[in-house]
Amino acid sequence: MRNSPQVLSVPGGNQRPRKKVALKPGYSPLDWARLSASGKDLRGTSELRLITMEEIALHNKRNDCWMVIGGKVYNVTHYVEFHPGGKGELMRAAGKDGSALFNDTHPWVNAESILRACMIGFCSGPSKSQVKAVEESDDSDASA
Ligand code: HEM
């Protein structure tokens with residue numbers, strides 16, 4: 001119906017209103033595709049490498065933002081303004097593994113393709129705090 005909010009159906013049957021934001025002129029998906037293909041250095045580093053969660057966590061700022069999606073590490077600093085869901089949403093996963101948030105929100109989005117030009121490496125594994133959390137929940141399971 002005209003003027004009714006668009007509703008998004010995600011796998012699992014949940015429905016929620018769409019939250020796409022109005023992007024600034026020059027920040028459309030097509031503009032991002034052009035920038036990605038332009039040869040401009042969007043990585044800030046030359047070689048792909050293994051990166052720890054500890055190091056990734058240091059890059060959690062608007063002007064220095066790394067993120068893990070599906071085990072791959074991306075420097076999304078240049079992408080932030082282009083994210084169709086807005087800066088605020090993207091920054092929720094700044095310096096973190098954003099895979100769960102990403103897949104909950106838009107599993108159909110091809111991050112590998114969109115972020116190809118800003119991939120900087122592979123996540124070397126969980127952070128110490130993540131390991132500790134799992135160990136602690138194992139302990140509480142064992143005692144249950
Ligand atoms: C860096 C990886 C990400 C990429 C490449 C990406 C890309 C996109 C794209 C292409 C859309 C438009 C989807 C469509 O039109 O159907 C979108 C929308 C959106 N994204 Fe992301 N996104 C990323 C990470 C995230 C994260 C981590 C969150 C949540 C914390 C998030 C939240 C959203 C939201 C809320 C929308 C609006 C969805 C809607 O209601 O229409 N995104 N994103």
# chains A, B, ... in the order shown; residues from 1 in each chain; ligands from 1
$ closest_atom_pairs --of "chain A" --to "ligand 1" --cutoff "9 Å" --atoms "only C-alpha atoms and all ligand atoms" --output "Markdown table"
| residue | atom | partner | partner_atom_place_in_ligand_line | distance |
| --- | --- | --- | --- | --- |
| A:Gln6 | CA | ligand 1 | 41 (O) | 8.5 |
| A:Val7 | CA | ligand 1 | 40 (O) | 8.0 |
| A:Leu8 | CA | ligand 1 | 40 (O) | 6.5 |
| A:Arg16 | CA | ligand 1 | 40 (O) | 7.5 |
| A:Pro17 | CA | ligand 1 | 40 (O) | 6.3 |
| A:Arg18 | CA | ligand 1 | 40 (O) | 3.2 |
| A:Lys19 | CA | ligand 1 | 40 (O) | 3.6 |
| A:Lys20 | CA | ligand 1 | 37 (C) | 4.2 |
| A:Val21 | CA | ligand 1 | 37 (C) | 7.2 |
| A:Pro29 | CA | ligand 1 | 10 (C) | 7.3 |
| A:Trp66 | CA | ligand 1 | 1 (C) | 8.7 |
| A:Met67 | CA | ligand 1 | 1 (C) | 6.7 |
| A:Val68 | CA | ligand 1 | 1 (C) | 7.9 |
| A:Ile69 | CA | ligand 1 | 2 (C) | 6.6 |
| A:Tyr74 | CA | ligand 1 | 1 (C) | 7.4 |
| A:Asn75 | CA | ligand 1 | 1 (C) | 8.7 |
| A:Val76 | CA | ligand 1 | 1 (C) | 6.3 |
| A:Tyr79 | CA | ligand 1 | 1 (C) | 7.5 |
| A:Val80 | CA | ligand 1 | 1 (C) | 8.0 |
| A:Phe82 | CA | ligand 1 | 7 (C) | 8.6 |
| A:His83 | CA | ligand 1 | 43 (N) | 5.6 |
| A:Pro84 | CA | ligand 1 | 17 (C) | 4.6 |
| A:Gly85 | CA | ligand 1 | 36 (C) | 3.4 |
| A:Gly86 | CA | ligand 1 | 34 (C) | 6.9 |
| A:Lys87 | CA | ligand 1 | 31 (C) | 8.8 |
| A:Gly88 | CA | ligand 1 | 30 (C) | 7.9 |
| A:Glu89 | CA | ligand 1 | 30 (C) | 4.4 |
| A:Leu90 | CA | ligand 1 | 26 (C) | 4.4 |
| A:Met91 | CA | ligand 1 | 30 (C) | 6.9 |
| A:Arg92 | CA | ligand 1 | 30 (C) | 5.0 |
| A:Ala93 | CA | ligand 1 | 27 (C) | 5.0 |
| A:Ala94 | CA | ligand 1 | 27 (C) | 7.8 |
| A:Asp97 | CA | ligand 1 | 27 (C) | 8.4 |
| A:Gly98 | CA | ligand 1 | 27 (C) | 4.8 |
| A:Ser99 | CA | ligand 1 | 27 (C) | 6.9 |
| A:Ala100 | CA | ligand 1 | 27 (C) | 7.9 |
| A:Leu101 | CA | ligand 1 | 29 (C) | 4.9 |
| A:Phe102 | CA | ligand 1 | 26 (C) | 4.6 |
| A:Asn103 | CA | ligand 1 | 26 (C) | 8.3 |
| A:Asp104 | CA | ligand 1 | 29 (C) | 8.1 |
| A:Thr105 | CA | ligand 1 | 32 (C) | 5.7 |
| A:His106 | CA | ligand 1 | 13 (C) | 6.3 |
| A:Trp108 | CA | ligand 1 | 16 (O) | 7.4 |
| A:Val109 | CA | ligand 1 | 10 (C) | 5.5 |
| A:Asn110 | CA | ligand 1 | 5 (C) | 6.9 |
| A:Ala111 | CA | ligand 1 | 5 (C) | 4.4 |
| A:Glu112 | CA | ligand 1 | 5 (C) | 7.7 |
| A:Ser113 | CA | ligand 1 | 5 (C) | 8.3 |
| A:Ile114 | CA | ligand 1 | 5 (C) | 5.6 |
| A:Leu115 | CA | ligand 1 | 5 (C) | 6.1 |
$ write_last_selection --atoms "C-alpha atoms" --output "mmCIF file, in the first residue's frame"
data_model
loop_
_atom_site.group_PDB
_atom_site.id
_atom_site.type_symbol
_atom_site.label_atom_id
_atom_site.label_comp_id
_atom_site.auth_asym_id
_atom_site.auth_seq_id
_atom_site.Cartn_x
_atom_site.Cartn_y
_atom_site.Cartn_z
ATOM 1 C CA GLN A 6 8.163 -1.519 3.943
ATOM 2 C CA VAL A 7 8.370 -4.704 5.955
ATOM 3 C CA LEU A 8 11.360 -6.998 5.828
ATOM 4 C CA ARG A 16 10.441 -5.943 11.127
ATOM 5 C CA PRO A 17 10.132 -2.525 9.524
ATOM 6 C CA ARG A 18 12.911 -1.605 7.138
ATOM 7 C CA LYS A 19 15.560 0.700 8.528
ATOM 8 C CA LYS A 20 17.446 1.816 5.457
ATOM 9 C CA VAL A 21 18.729 5.364 5.861
ATOM 10 C CA PRO A 29 25.970 1.594 -3.539
ATOM 11 C CA TRP A 66 37.964 -2.931 11.351
ATOM 12 C CA MET A 67 35.379 -5.695 11.398
ATOM 13 C CA VAL A 68 35.192 -9.477 10.996
ATOM 14 C CA ILE A 69 32.498 -10.875 8.727
ATOM 15 C CA TYR A 74 37.863 -5.851 6.651
ATOM 16 C CA ASN A 75 39.021 -2.295 7.111
ATOM 17 C CA VAL A 76 35.571 -0.706 6.740
ATOM 18 C CA TYR A 79 32.717 2.041 3.819
ATOM 19 C CA VAL A 80 31.041 3.499 6.937
ATOM 20 C CA PHE A 82 28.207 4.138 2.357
ATOM 21 C CA HIS A 83 26.451 1.588 4.579
ATOM 22 C CA PRO A 84 22.772 1.587 3.547
ATOM 23 C CA GLY A 85 21.741 0.759 7.131
ATOM 24 C CA GLY A 86 23.550 3.827 8.464
ATOM 25 C CA LYS A 87 26.761 4.569 10.351
ATOM 26 C CA GLY A 88 25.308 3.832 13.772
ATOM 27 C CA GLU A 89 24.219 0.310 12.861
ATOM 28 C CA LEU A 90 27.538 -0.555 11.264
ATOM 29 C CA MET A 91 29.508 0.864 14.194
ATOM 30 C CA ARG A 92 27.749 -1.572 16.560
ATOM 31 C CA ALA A 93 30.185 -4.149 15.216
ATOM 32 C CA ALA A 94 33.251 -1.869 15.095
ATOM 33 C CA ASP A 97 33.134 -9.994 14.854
ATOM 34 C CA GLY A 98 29.987 -8.612 13.213
ATOM 35 C CA SER A 99 28.965 -11.896 11.563
ATOM 36 C CA ALA A 100 25.980 -12.593 13.843
ATOM 37 C CA LEU A 101 24.568 -9.048 13.571
ATOM 38 C CA PHE A 102 25.232 -9.092 9.847
ATOM 39 C CA ASN A 103 23.448 -12.417 9.318
ATOM 40 C CA ASP A 104 20.554 -11.477 11.577
ATOM 41 C CA THR A 105 20.016 -8.269 9.592
ATOM 42 C CA HIS A 106 20.712 -9.133 5.986
ATOM 43 C CA TRP A 108 21.318 -11.982 1.516
ATOM 44 C CA VAL A 109 23.975 -9.243 1.375
ATOM 45 C CA ASN A 110 27.263 -10.352 -0.236
ATOM 46 C CA ALA A 111 29.871 -8.796 2.060
ATOM 47 C CA GLU A 112 32.747 -10.553 0.304
ATOM 48 C CA SER A 113 31.872 -8.883 -2.941
ATOM 49 C CA ILE A 114 31.034 -5.435 -1.524
ATOM 50 C CA LEU A 115 34.140 -5.286 0.669
#
$ closest_atom_pairs --of "range 105-133 of chain A" --to "range 53-56 of chain A" --cutoff "8 Å" --atoms "only C-alpha atoms" --output "tab-separated table"
residue	atom	partner	partner_atom	distance
A:Cys123	CA	A:Met53	CA	6.9
A:Ser124	CA	A:Met53	CA	7.4
A:Gly125	CA	A:Met53	CA	7.0
A:Pro126	CA	A:Met53	CA	6.3
A:Ser127	CA	A:Met53	CA	5.1
$ write_last_selection --atoms "N, CA and C atoms" --output "PDB file, in the first residue's frame"
ATOM      1  N   CYS A 123      40.690 -13.652  10.404  1.00  0.00           N
ATOM      2  CA  CYS A 123      40.664 -13.616  11.858  1.00  0.00           C
ATOM      3  C   CYS A 123      41.346 -14.881  12.373  1.00  0.00           C
ATOM      4  N   SER A 124      42.312 -14.703  13.279  1.00  0.00           N
ATOM      5  CA  SER A 124      43.120 -15.855  13.698  1.00  0.00           C
ATOM      6  C   SER A 124      42.435 -16.686  14.757  1.00  0.00           C
ATOM      7  N   GLY A 125      41.280 -16.270  15.227  1.00  0.00           N
ATOM      8  CA  GLY A 125      40.582 -17.080  16.226  1.00  0.00           C
ATOM      9  C   GLY A 125      39.869 -16.206  17.214  1.00  0.00           C
ATOM     10  N   PRO A 126      39.202 -16.836  18.171  1.00  0.00           N
ATOM     11  CA  PRO A 126      38.432 -16.060  19.140  1.00  0.00           C
ATOM     12  C   PRO A 126      39.333 -15.277  20.081  1.00  0.00           C
ATOM     13  N   SER A 127      38.794 -14.228  20.664  1.00  0.00           N
ATOM     14  CA  SER A 127      39.566 -13.463  21.641  1.00  0.00           C
ATOM     15  C   SER A 127      39.616 -14.232  22.957  1.00  0.00           C
TER      16      SER A 127
END
$ closest_residue --among "A:Gly70, A:Gly95, A:Pro107, A:Tyr27" --to "Ala57 in chain A" --atoms "only C-alpha atoms"
A:Gly95
$ select_by_dssp --residues "range 12-132 of chain A" --states "helix (DSSP H, G or I)" --output "PyMOL selection string"
chain A and resi 29-37+53-57+80-82+87-91+99-105+111-114+116-118+128-132
$ write_last_selection --atoms "N, CA and C atoms" --output "short mmCIF file (atom, residue, chain, number, x, y, z; two decimals), in the first residue's frame"
data_model
loop_
_atom_site.label_atom_id
_atom_site.label_comp_id
_atom_site.auth_asym_id
_atom_site.auth_seq_id
_atom_site.Cartn_x
_atom_site.Cartn_y
_atom_site.Cartn_z
N PRO A 29 25.25 2.84 -3.26
CA PRO A 29 25.97 1.59 -3.54
C PRO A 29 26.78 1.67 -4.84
N LEU A 30 26.24 2.38 -5.82
CA LEU A 30 26.97 2.50 -7.08
C LEU A 30 28.25 3.33 -6.90
N ASP A 31 28.15 4.39 -6.07
CA ASP A 31 29.35 5.20 -5.79
C ASP A 31 30.41 4.35 -5.08
N TRP A 32 29.95 3.48 -4.17
CA TRP A 32 30.90 2.60 -3.47
C TRP A 32 31.56 1.64 -4.47
N ALA A 33 30.74 1.09 -5.39
CA ALA A 33 31.29 0.17 -6.39
C ALA A 33 32.36 0.88 -7.22
N ARG A 34 32.10 2.14 -7.56
CA ARG A 34 33.07 2.91 -8.34
C ARG A 34 34.36 3.13 -7.55
N LEU A 35 34.20 3.55 -6.28
CA LEU A 35 35.37 3.80 -5.44
C LEU A 35 36.20 2.51 -5.27
N SER A 36 35.49 1.39 -5.04
CA SER A 36 36.17 0.10 -4.86
C SER A 36 37.00 -0.27 -6.08
N ALA A 37 36.46 0.06 -7.24
CA ALA A 37 37.12 -0.34 -8.48
C ALA A 37 38.16 0.70 -8.93
N MET A 53 41.81 -11.11 17.41
CA MET A 53 40.68 -10.29 17.86
C MET A 53 41.18 -9.14 18.73
N GLU A 54 42.26 -9.37 19.45
CA GLU A 54 42.81 -8.30 20.29
C GLU A 54 43.22 -7.10 19.43
N GLU A 55 43.89 -7.39 18.31
CA GLU A 55 44.32 -6.29 17.44
C GLU A 55 43.12 -5.64 16.77
N ILE A 56 42.16 -6.47 16.35
CA ILE A 56 40.97 -5.93 15.68
C ILE A 56 40.22 -4.97 16.62
N ALA A 57 40.18 -5.35 17.90
CA ALA A 57 39.44 -4.55 18.89
C ALA A 57 40.00 -3.13 19.03
N VAL A 80 32.03 3.09 5.92
CA VAL A 80 31.04 3.50 6.94
C VAL A 80 29.97 4.44 6.37
N GLU A 81 30.40 5.46 5.65
CA GLU A 81 29.44 6.46 5.11
C GLU A 81 28.54 5.88 4.02
N PHE A 82 28.95 4.74 3.47
CA PHE A 82 28.21 4.14 2.36
C PHE A 82 27.22 3.08 2.83
N LYS A 87 25.49 4.66 9.63
CA LYS A 87 26.76 4.57 10.35
C LYS A 87 26.58 3.89 11.70
N GLY A 88 25.53 4.31 12.40
CA GLY A 88 25.31 3.83 13.77
C GLY A 88 25.18 2.32 13.83
N GLU A 89 24.41 1.77 12.89
CA GLU A 89 24.22 0.31 12.86
C GLU A 89 25.54 -0.38 12.60
N LEU A 90 26.27 0.09 11.61
CA LEU A 90 27.54 -0.55 11.26
C LEU A 90 28.51 -0.47 12.44
N MET A 91 28.54 0.66 13.11
CA MET A 91 29.51 0.86 14.19
C MET A 91 29.22 -0.03 15.41
N SER A 99 29.66 -10.89 12.38
CA SER A 99 28.96 -11.90 11.56
C SER A 99 27.53 -12.15 12.02
N ALA A 100 27.32 -12.26 13.35
CA ALA A 100 25.98 -12.59 13.84
C ALA A 100 25.01 -11.45 13.55
N LEU A 101 25.43 -10.21 13.85
CA LEU A 101 24.57 -9.05 13.57
C LEU A 101 24.29 -8.96 12.08
N PHE A 102 25.35 -9.15 11.31
CA PHE A 102 25.23 -9.09 9.85
C PHE A 102 24.20 -10.10 9.36
N ASN A 103 24.34 -11.36 9.81
CA ASN A 103 23.45 -12.42 9.32
C ASN A 103 22.03 -12.28 9.85
N ASP A 104 21.90 -11.72 11.05
CA ASP A 104 20.55 -11.48 11.58
C ASP A 104 19.85 -10.42 10.74
N THR A 105 20.62 -9.41 10.27
CA THR A 105 20.02 -8.27 9.59
C THR A 105 19.79 -8.52 8.11
N ALA A 111 28.82 -9.64 1.49
CA ALA A 111 29.87 -8.80 2.06
C ALA A 111 31.19 -9.00 1.33
N GLU A 112 31.48 -10.26 0.98
CA GLU A 112 32.75 -10.55 0.30
C GLU A 112 32.91 -9.72 -0.96
N SER A 113 31.80 -9.61 -1.69
CA SER A 113 31.87 -8.88 -2.94
C SER A 113 31.94 -7.37 -2.68
N ILE A 114 31.08 -6.89 -1.78
CA ILE A 114 31.03 -5.44 -1.52
C ILE A 114 32.36 -4.93 -0.94
N ARG A 116 35.43 -6.40 -1.04
CA ARG A 116 36.64 -7.02 -1.59
C ARG A 116 37.85 -6.09 -1.50
N ALA A 117 37.64 -4.82 -1.82
CA ALA A 117 38.77 -3.88 -1.89
C ALA A 117 39.25 -3.44 -0.51
N CYS A 118 38.54 -3.85 0.54
CA CYS A 118 39.05 -3.45 1.86
C CYS A 118 39.30 -4.64 2.78
N LYS A 128 40.54 -13.84 23.82
CA LYS A 128 40.67 -14.52 25.12
C LYS A 128 39.35 -14.44 25.89
N SER A 129 38.69 -13.27 25.80
CA SER A 129 37.45 -13.12 26.58
C SER A 129 36.35 -14.04 26.03
N GLN A 130 36.35 -14.26 24.68
CA GLN A 130 35.34 -15.17 24.11
C GLN A 130 35.59 -16.60 24.59
N VAL A 131 36.88 -17.01 24.61
CA VAL A 131 37.23 -18.36 25.07
C VAL A 131 36.81 -18.52 26.53
N LYS A 132 37.09 -17.47 27.32
CA LYS A 132 36.76 -17.52 28.75
C LYS A 132 35.25 -17.68 28.94
#
$ atom_distance --atom1 "CA of Asp64 in chain A" --atom2 "CA of Val134 in chain A"
29.0 Å
$ select_by_dssp --residues "range 82-127 of chain A" --states "strand (DSSP E or B)" --output "PyMOL selection string"
chain A and resi 97+119-123
$ atom_distance --atom1 "CA of Arg49 in chain A" --atom2 "CA of Arg62 in chain A"
22.7 Å
